[in-house]
file my_file-v8.cif (mmCIF, C-alpha atoms)
data_query
#
loop_
_atom_site.label_atom_id
_atom_site.label_comp_id
_atom_site.auth_asym_id
_atom_site.auth_seq_id
_atom_site.Cartn_x
_atom_site.Cartn_y
_atom_site.Cartn_z
CA MET I 1 -41.73 52.42 112.96
CA TYR I 2 -41.21 55.27 110.45
CA GLY I 3 -44.76 56.60 109.95
CA GLY I 4 -43.48 60.06 108.97
CA LYS I 5 -41.66 60.50 112.30
CA THR I 6 -38.45 62.44 112.79
CA LEU I 7 -35.28 60.46 113.34
CA PHE I 8 -35.26 61.62 116.95
CA ALA I 9 -38.77 60.26 117.52
CA GLN I 10 -37.81 56.95 115.90
CA LEU I 11 -34.73 56.69 118.12
CA MET I 12 -36.81 57.41 121.22
CA ASP I 13 -39.11 54.51 120.22
CA PHE I 14 -36.28 52.19 121.28
CA VAL I 15 -36.52 53.47 124.88
CA PRO I 16 -38.63 51.11 127.06
CA TRP I 17 -41.12 53.79 128.07
CA THR I 18 -43.40 51.44 130.00
CA THR I 19 -40.45 50.46 132.20
CA PHE I 20 -39.44 54.11 132.47
CA SER I 21 -42.94 55.07 133.67
CA LYS I 22 -42.73 52.47 136.42
CA ILE I 23 -39.34 53.82 137.51
CA VAL I 24 -40.69 57.39 137.53
CA ALA I 25 -43.66 56.29 139.64
CA ARG I 26 -41.35 54.52 142.10
CA TYR I 27 -39.48 57.77 142.75
CA SER I 28 -42.56 60.05 142.43
CA GLY I 29 -40.72 61.86 139.66
CA ASP I 30 -43.84 63.41 138.12
CA HIS I 31 -45.61 64.19 141.41
CA ARG I 32 -47.18 67.66 141.12
CA VAL I 33 -45.31 68.30 137.87
CA ARG I 34 -47.28 70.50 135.47
CA ARG I 35 -44.59 71.20 132.91
CA LEU I 36 -41.79 69.05 131.53
CA SER I 37 -42.45 65.53 132.74
CA CYS I 38 -39.56 63.17 133.46
CA GLY I 39 -40.02 61.69 130.00
CA GLU I 40 -39.71 65.13 128.41
CA GLN I 41 -36.71 65.90 130.62
CA TYR I 42 -35.03 62.72 129.35
CA ARG I 43 -35.84 63.60 125.75
CA ALA I 44 -34.46 67.13 126.12
CA MET I 45 -31.23 65.90 127.72
CA ALA I 46 -30.88 63.09 125.17
CA PHE I 47 -31.33 65.69 122.42
CA ALA I 48 -28.52 67.72 124.03
CA GLN I 49 -26.24 64.66 124.01
CA LEU I 50 -26.99 63.73 120.42
CA THR I 51 -26.58 67.24 119.02
CA TYR I 52 -23.60 68.26 121.20
CA ARG I 53 -25.32 71.17 122.95
CA GLU I 54 -23.09 73.10 125.35
CA SER I 55 -25.64 74.81 127.62
CA LEU I 56 -29.28 74.99 128.63
CA ARG I 57 -29.65 78.08 126.43
CA ASP I 58 -28.36 76.02 123.50
CA ILE I 59 -31.01 73.36 124.13
CA GLU I 60 -33.81 75.91 124.41
CA THR I 61 -32.77 77.77 121.25
CA CYS I 62 -32.33 74.68 119.07
CA LEU I 63 -35.66 73.20 120.09
CA SER I 64 -37.52 76.52 119.76
CA VAL I 65 -36.64 76.88 116.06
CA GLN I 66 -38.30 73.50 115.40
CA VAL I 67 -41.48 74.27 117.32
CA SER I 68 -43.71 72.65 114.68
CA LYS I 69 -41.95 69.30 115.20
CA LEU I 70 -41.82 69.30 119.00
CA TYR I 71 -45.10 67.43 119.50
CA HIS I 72 -43.94 64.61 117.23
CA MET I 73 -40.66 64.50 119.19
CA GLY I 74 -42.56 63.87 122.44
CA PHE I 75 -42.77 67.45 123.81
CA ARG I 76 -46.12 68.92 124.80
CA GLU I 77 -44.79 72.49 124.68
CA PRO I 78 -41.51 74.36 124.06
CA VAL I 79 -38.74 73.54 126.53
CA ARG I 80 -37.65 76.45 128.73
CA ARG I 81 -34.13 76.41 130.12
CA SER I 82 -35.30 77.43 133.60
CA THR I 83 -37.79 74.55 133.69
CA LEU I 84 -35.16 72.08 132.49
CA ALA I 85 -32.68 73.42 135.04
CA ASP I 86 -35.23 72.93 137.84
CA ALA I 87 -35.94 69.39 136.63
CA ASN I 88 -32.25 68.49 136.66
CA GLU I 89 -31.86 69.92 140.15
CA THR I 90 -34.93 68.33 141.74
CA ARG I 91 -35.87 65.10 139.88
CA ASP I 92 -34.12 62.12 141.46
CA TRP I 93 -31.06 61.13 139.40
CA ARG I 94 -31.75 57.48 140.23
CA ILE I 95 -34.65 57.56 137.74
CA HIS I 96 -32.19 57.92 134.86
CA ALA I 97 -29.64 55.62 136.50
CA GLU I 98 -32.19 52.81 136.64
CA LEU I 99 -33.22 53.42 133.02
CA ALA I 100 -29.58 53.21 131.97
CA GLN I 101 -29.19 49.95 133.89
CA ARG I 102 -32.23 48.46 132.13
CA LEU I 103 -30.78 49.49 128.76
CA ILE I 104 -27.42 47.99 129.76
CA ILE I 105 -29.05 44.65 130.53
CA GLN I 106 -30.75 44.73 127.13
CA ALA I 107 -27.55 45.73 125.29
CA ARG I 108 -25.44 43.02 126.94
CA LYS I 109 -27.83 40.38 125.62
CA PHE I 110 -27.34 41.71 122.09
CA TYR I 111 -23.55 41.67 122.39
CA ALA I 112 -23.21 38.44 124.40
CA ASP I 113 -22.11 36.43 121.36
CA ASP I 114 -19.55 38.96 120.11
CA SER I 115 -16.02 37.64 119.85
CA LEU I 116 -13.29 38.77 122.23
CA GLY I 117 -10.64 37.78 119.74
CA LEU I 118 -9.54 35.11 122.23
CA GLU I 119 -10.41 31.46 122.70
CA LEU I 120 -12.38 32.23 125.82
CA THR I 121 -15.85 31.22 126.95
CA ASN I 122 -15.77 33.16 130.24
CA THR I 123 -17.34 36.58 130.63
CA ALA I 124 -14.50 39.11 130.79
CA TYR I 125 -14.72 42.52 132.43
CA ALA I 126 -12.34 45.47 132.62
CA LEU I 127 -12.55 47.60 135.77
CA ASP I 128 -11.25 51.15 135.96
CA SER I 129 -12.24 54.71 136.81
CA THR I 130 -11.93 58.11 135.22
CA THR I 131 -11.82 61.51 136.91
CA ILE I 132 -13.88 64.42 135.59
CA ASP I 133 -12.38 67.68 136.86
CA LEU I 134 -14.71 70.37 138.17
CA CYS I 135 -14.37 73.87 139.63
CA LEU I 136 -14.28 73.75 143.44
CA SER I 137 -16.07 77.08 143.89
CA VAL I 138 -18.97 75.92 141.67
CA PHE I 139 -19.10 72.27 142.77
CA PRO I 140 -18.12 72.40 146.49
CA TRP I 141 -19.78 69.01 147.18
CA ALA I 142 -17.42 67.13 144.82
CA HIS I 143 -14.42 66.80 147.15
CA PHE I 144 -11.12 65.88 145.53
CA ARG I 145 -8.16 68.02 146.59
CA ALA I 146 -7.68 71.19 148.59
CA THR I 147 -8.05 73.42 145.52
CA LYS I 148 -9.87 71.11 143.08
CA ALA I 149 -13.21 69.38 142.76
CA ALA I 150 -13.96 66.29 140.71
CA VAL I 151 -16.28 63.34 140.26
CA LYS I 152 -15.12 59.81 139.55
CA MET I 153 -16.85 57.42 137.22
CA HIS I 154 -16.05 53.84 138.29
CA THR I 155 -16.91 51.51 135.42
CA LEU I 156 -16.99 47.76 134.90
CA LEU I 157 -16.89 47.21 131.15
CA ASP I 158 -18.08 43.98 129.55
CA LEU I 159 -15.36 43.35 126.96
CA ARG I 160 -17.88 41.71 124.66
CA GLY I 161 -19.35 44.76 122.97
CA ASN I 162 -17.68 47.25 125.31
CA ILE I 163 -20.94 47.77 127.21
CA PRO I 164 -20.67 49.12 130.78
CA SER I 165 -22.25 46.56 133.10
CA PHE I 166 -21.69 48.60 136.28
CA ILE I 167 -21.15 52.32 136.86
CA HIS I 168 -20.76 54.17 140.15
CA VAL I 169 -20.40 57.95 140.28
CA SER I 170 -18.62 59.26 143.37
CA ASP I 171 -16.69 62.32 144.48
CA GLY I 172 -13.04 62.43 143.44
CA LYS I 173 -11.70 61.25 146.82
CA LEU I 174 -13.03 57.69 146.65
CA HIS I 175 -10.03 55.42 146.05
CA ASP I 176 -10.33 52.99 143.16
CA VAL I 177 -9.90 49.92 145.35
CA HIS I 178 -13.15 50.68 147.21
CA ALA I 179 -15.05 50.05 143.97
CA LEU I 180 -14.39 46.34 144.55
CA ASP I 181 -16.65 46.54 147.61
CA LEU I 182 -19.52 47.64 145.39
CA LEU I 183 -19.28 44.66 143.03
CA LEU I 184 -20.99 41.31 143.41
CA PRO I 185 -18.38 38.87 142.01
CA GLU I 186 -19.75 36.67 139.24
CA ALA I 187 -18.59 33.05 139.46
CA GLY I 188 -16.51 32.07 136.45
CA ALA I 189 -16.08 35.64 135.21
CA ILE I 190 -12.64 37.23 134.74
CA TYR I 191 -12.01 40.73 136.12
CA VAL I 192 -9.10 42.59 134.54
CA MET I 193 -7.77 45.60 136.46
CA ASP I 194 -4.63 47.61 137.06
CA ARG I 195 -2.41 47.80 140.17
CA ALA I 196 -4.67 50.33 141.90
CA TYR I 197 -7.03 47.46 142.72
CA VAL I 198 -4.45 45.17 144.32
CA ASP I 199 -5.84 44.53 147.79
CA PHE I 200 -5.46 40.90 148.82
CA THR I 201 -8.37 40.95 151.26
CA ARG I 202 -10.74 42.00 148.49
CA LEU I 203 -9.09 39.79 145.87
CA HIS I 204 -9.45 36.79 148.19
CA ALA I 205 -13.18 37.52 148.43
CA PHE I 206 -13.33 37.33 144.62
CA ASN I 207 -11.43 34.03 144.75
CA LEU I 208 -13.83 32.57 147.32
CA ALA I 209 -16.78 33.61 145.13
CA GLY I 210 -15.36 31.59 142.22
CA ALA I 211 -14.42 34.65 140.19
CA PHE I 212 -11.05 35.18 138.52
CA PHE I 213 -8.89 38.29 138.41
CA VAL I 214 -5.96 39.43 136.30
CA THR I 215 -3.90 42.38 137.49
CA ARG I 216 -0.36 43.77 137.65
CA ALA I 217 1.91 42.89 140.55
CA LYS I 218 3.22 45.73 142.70
CA SER I 219 7.02 46.05 142.82
CA ASN I 220 7.11 45.48 146.60
CA MET I 221 5.03 42.28 146.57
CA ASP I 222 6.63 39.76 148.98
CA ALA I 223 6.28 36.22 147.59
CA HIS I 224 8.29 33.09 146.79
CA ARG I 225 8.16 30.70 143.85
CA VAL I 226 6.54 27.30 144.41
CA TYR I 227 6.66 25.93 140.88
CA SER I 228 7.75 27.07 137.41
CA ALA I 229 5.92 25.89 134.29
CA PRO I 230 7.82 25.53 130.99
CA THR I 231 7.47 28.56 128.69
CA ASP I 232 8.18 29.50 125.10
CA ARG I 233 10.20 32.70 125.30
CA THR I 234 9.58 33.46 121.63
CA THR I 235 6.02 34.40 122.66
CA GLY I 236 7.35 36.99 125.12
CA ILE I 237 6.59 34.86 128.20
CA VAL I 238 9.70 35.01 130.40
CA CYS I 239 8.30 32.85 133.21
CA ASP I 240 5.02 31.29 134.34
CA GLN I 241 5.16 30.55 138.06
CA THR I 242 2.98 29.38 140.91
CA ILE I 243 3.76 31.54 143.94
CA ALA I 244 2.82 31.92 147.59
CA LEU I 245 2.64 35.24 149.43
CA ASP I 246 5.19 35.75 152.23
CA GLY I 247 4.04 38.97 153.87
CA HIS I 248 3.10 38.71 157.55
CA TYR I 249 -0.45 39.88 156.86
CA THR I 250 -0.89 39.04 153.17
CA SER I 251 0.01 35.38 153.69
CA ARG I 252 -2.89 35.15 156.14
CA ILE I 253 -5.49 37.10 154.22
CA TYR I 254 -4.63 35.32 150.95
CA PRO I 255 -3.33 31.85 151.95
CA GLU I 256 -3.88 30.20 148.53
CA HIS I 257 -1.34 30.08 145.71
CA LEU I 258 -1.29 32.66 142.95
CA ARG I 259 0.03 32.57 139.43
CA ARG I 260 2.76 35.04 138.39
CA ILE I 261 3.52 35.62 134.71
CA ARG I 262 6.42 37.76 133.57
CA PHE I 263 5.95 39.08 130.04
CA ARG I 264 8.40 41.01 127.88
CA ASP I 265 6.76 43.07 125.17
CA PRO I 266 8.77 42.43 122.00
CA GLU I 267 7.76 45.81 120.55
CA SER I 268 8.47 48.15 123.46
CA GLY I 269 10.94 45.95 125.34
CA LYS I 270 9.01 46.66 128.54
CA THR I 271 8.63 43.85 131.09
CA LEU I 272 5.26 43.41 132.82
CA VAL I 273 4.47 41.12 135.75
CA PHE I 274 0.91 39.83 136.05
CA ILE I 275 -0.73 38.01 138.94
CA THR I 276 -3.91 35.97 138.66
CA ASN I 277 -5.85 33.19 140.32
CA GLN I 278 -6.64 31.68 136.89
CA PHE I 279 -4.42 28.63 136.37
CA GLY I 280 -6.28 26.99 133.49
CA LEU I 281 -5.66 29.47 130.67
CA PRO I 282 -2.44 29.70 128.64
CA ALA I 283 -0.05 32.43 129.78
CA THR I 284 -0.39 34.16 126.41
CA THR I 285 -4.17 34.41 126.93
CA ILE I 286 -3.66 36.01 130.36
CA CYS I 287 -1.36 38.61 128.79
CA ALA I 288 -3.84 39.24 125.96
CA LEU I 289 -6.62 39.69 128.50
CA TYR I 290 -4.68 42.38 130.33
CA LYS I 291 -3.97 44.10 127.02
CA SER I 292 -7.72 44.13 126.32
CA ARG I 293 -8.14 46.21 129.52
CA TRP I 294 -7.25 49.17 127.31
CA GLN I 295 -10.83 49.02 126.00
CA VAL I 296 -12.10 50.64 129.18
CA GLU I 297 -9.60 53.49 128.69
CA LEU I 298 -10.92 53.92 125.15
CA PHE I 299 -14.46 53.93 126.53
CA PHE I 300 -13.61 56.78 128.90
CA LYS I 301 -11.87 58.76 126.17
CA TRP I 302 -14.78 58.17 123.81
CA ILE I 303 -17.32 59.24 126.42
CA LYS I 304 -15.37 62.40 127.26
CA GLN I 305 -14.84 63.32 123.60
CA HIS I 306 -18.30 62.69 122.24
CA LEU I 307 -20.82 62.99 125.05
CA ARG I 308 -21.60 66.13 127.03
CA ILE I 309 -20.05 65.41 130.42
CA LYS I 310 -17.20 67.94 130.38
CA ARG I 311 -19.64 70.84 130.55
CA PHE I 312 -22.46 70.37 133.00
CA PHE I 313 -25.87 72.01 132.75
CA GLY I 314 -26.26 72.19 136.55
CA THR I 315 -24.02 72.48 139.59
CA SER I 316 -25.72 70.26 142.18
CA GLU I 317 -24.79 66.64 142.76
CA ASN I 318 -28.22 65.60 141.50
CA ALA I 319 -27.87 67.57 138.25
CA VAL I 320 -24.37 66.23 137.55
CA LYS I 321 -25.37 62.60 138.16
CA THR I 322 -28.51 63.06 136.07
CA GLN I 323 -26.44 64.31 133.14
CA ILE I 324 -23.85 61.53 133.43
CA TRP I 325 -26.47 58.77 133.59
CA ILE I 326 -28.42 60.17 130.63
CA ALA I 327 -25.14 60.38 128.67
CA VAL I 328 -24.47 56.72 129.44
CA SER I 329 -28.01 55.71 128.51
CA VAL I 330 -27.72 57.50 125.14
CA TYR I 331 -24.45 55.66 124.47
CA VAL I 332 -26.08 52.32 125.27
CA LEU I 333 -29.29 53.18 123.39
CA VAL I 334 -27.39 53.83 120.15
CA ALA I 335 -25.44 50.60 120.75
CA ILE I 336 -28.80 48.77 120.97
CA VAL I 337 -30.05 50.43 117.77
CA LYS I 338 -26.85 49.37 116.03
CA LYS I 339 -27.59 45.72 116.84
CA ARG I 340 -31.36 45.88 116.35
CA LEU I 341 -30.95 47.32 112.85
CA ASN I 342 -27.88 45.17 112.00
CA LEU I 343 -25.77 48.23 111.17
CA ASP I 344 -22.12 47.90 110.20
CA ALA I 345 -21.20 51.54 110.86
CA SER I 346 -19.24 52.42 113.98
CA LEU I 347 -20.99 53.96 116.95
CA TYR I 348 -19.11 57.21 116.36
CA THR I 349 -20.37 57.35 112.76
CA LEU I 350 -23.94 56.67 113.87
CA LEU I 351 -23.84 59.49 116.41
CA GLN I 352 -22.34 61.88 113.89
CA ILE I 353 -25.12 61.10 111.40
CA LEU I 354 -27.78 61.51 114.07
CA SER I 355 -26.32 64.84 115.22
CA VAL I 356 -27.13 66.50 111.88
CA THR I 357 -30.31 64.62 110.90
CA LEU I 358 -32.41 64.37 114.08
CA PHE I 359 -35.17 66.63 112.70
CA GLU I 360 -35.32 64.85 109.34
CA LYS I 361 -38.30 62.65 108.50
CA MET I 362 -36.81 59.54 106.96
CA PRO I 363 -36.57 55.85 107.93
CA ILE I 364 -33.91 55.46 110.62
CA ASP I 365 -32.59 52.16 109.27
CA GLN I 366 -31.97 53.61 105.82
CA THR I 367 -30.37 56.76 107.20
CA LEU I 368 -28.02 55.01 109.61
CA ALA I 369 -27.15 52.24 107.16
CA GLY I 370 -25.20 54.90 105.26
CA SER I 371 -26.66 54.08 101.84
CA ASP I 372 -25.48 57.47 100.68
CA PRO I 373 -21.68 57.25 100.12
CA ARG I 374 -21.35 60.78 101.46
CA CYS I 375 -22.06 59.33 104.89
CA ASP I 376 -18.45 58.15 104.89
CA THR I 377 -17.41 61.74 105.45
CA PHE I 378 -18.83 61.51 108.96
CA GLN I 379 -16.08 59.07 109.97
CA ILE I 380 -12.95 60.87 111.14
CA THR I 381 -10.11 58.40 111.00
CA ASN I 382 -8.17 59.75 113.95
CA GLN I 383 -11.06 59.35 116.36
CA LEU I 384 -11.49 56.42 118.73
CA ASN I 385 -13.81 53.72 117.42
CA LEU I 386 -15.10 51.24 119.98
CA PHE I 387 -17.30 49.22 117.67
CA ALA I 388 -15.03 48.76 114.63
CA HIS I 389 -14.28 45.15 113.78
#
call {"tool": "encode", "arguments": {"input": "my_file-v8.cif", "output": "structure tokens"}}
result
Amino acid sequence: MYGGKTLFAQLMDFVPWTTFSKIVARYSGDHRVRRLSCGEQYRAMAFAQLTYRESLRDIETCLSVQVSKLYHMGFREPVRRSTLADANETRDWRIHAELAQRLIIQARKFYADDSLGLELTNTAYALDSTTIDLCLSVFPWAHFRATKAAVKMHTLLDLRGNIPSFIHVSDGKLHDVHALDLLLPEAGAIYVMDRAYVDFTRLHAFNLAGAFFVTRAKSNMDAHRVYSAPTDRTTGIVCDQTIALDGHYTSRIYPEHLRRIRFRDPESGKTLVFITNQFGLPATTICALYKSRWQVELFFKWIKQHLRIKRFFGTSENAVKTQIWIAVSVYVLVAIVKKRLNLDASLYTLLQILSVTLFEKMPIDQTLAGSDPRCDTFQITNQLNLFAH
């Protein structure tokens, strides 16, 4: 793989370019394109993500000073910011969305055997969304509030490996609960989500599909107890009940029994009430599953801190979605490299190393393995670390 290539070129070798070419052809991405093919556009934007560039001018300047290495990085000629801006505005964002989805499928296979820290054989997902604020005058298409614009990133995170298995980018007005309509429930899988997703019509559809859900009960939920299971209060479980909904409409749209678990956190003293259609797992496991939902929050924080999605290189909907999907694909690509090369370093450490060595000509496995003890200085202890064990 090395062959005297730069680290950037070696990293790009992990991209399934044959698949990418088929995707580009499907959307006619390179039709009548003379400069900056879709592949070069992806490389330029991936370079921006990996080196924390803040603008198109940044990208152009940094690549222009390494003109002798551009060919070996996959560029036929220097990248001009105007050409890259046009590509982001006009090339279909779905090209990069489909590439990211292919990488996600590949990454999930690598992380399928990772431990959840629970005695659980089911696939477990965390569902949530994050809002990326924008300027209304610059992004008028991204409707959110009367004086604000925003896009929402709805994400279904596979808790084994913290790999996003589903992402939908919408304007800021799309309510979280509507993301459930976009999912195809997987039989036997467990979906962990917060109270924003409590809609009994949609949850009943999950139940009918053989999928399980774990969420928080709303304070105004109308239900009565059918049965109480014995509990050990030393574990924090106050009660473990089988309940039936009493609401005039909810009792009809969700006629089956539910399980209600009341948990008192011994550390904070806060009491949480969970509802689920999973009756086979211990109550402590249900509580631990909901706690693991925090991984999707960490994913959003990590993405916002370390990938370039807070400053966009274009203002159209196509340019914004292109940048978000390429950011996600870079995240997943480095996660794949981590597994393929059997690296112990955290994803944050790997990206920090890459950010300052992309133009170096050295074997990628040796560089990212951190054989030099000085590589430890790249890890900042107060940063979020999704892949630490």
call {"tool": "closest_residue", "arguments": {"input": "my_file-v8.cif", "among": "I:Gln278, I:Ser137, I:Gln10, I:Gln323", "to": "Met73 of chain I", "atoms": "only C-alpha atoms"}}
result
I:Gln10
call {"tool": "resolve_selection", "arguments": {"input": "my_file-v8.cif", "expression": "the PyMOL selection byres ((chain I and resi 201) around 8)", "output": "PyMOL selection string"}}
result
chain I and resi 199-200+202-205+250+253-254
call {"tool": "resolve_selection", "arguments": {"input": "my_file-v8.cif", "expression": "the PyMOL selection byres ((chain I and resi 131) around 6)", "output": "list in words"}}
result
Thr130, Ile132, Val151 and Lys152 of chain I
call {"tool": "residues_around", "arguments": {"input": "my_file-v8.cif", "residues": "segment 238-246 of chain I", "least_positions_apart": "6", "cutoff": "8 Å", "atoms": "all atoms listed in the file", "output": "number ranges by chain"}}
result
I: 221-232, 254-264, 283
call {"tool": "atom_distance", "arguments": {"input": "my_file-v8.cif", "atom1": "atom CA of Phe213 of chain I", "atom2": "atom CA of Ala189 of chain I"}}
result
8.3 Å
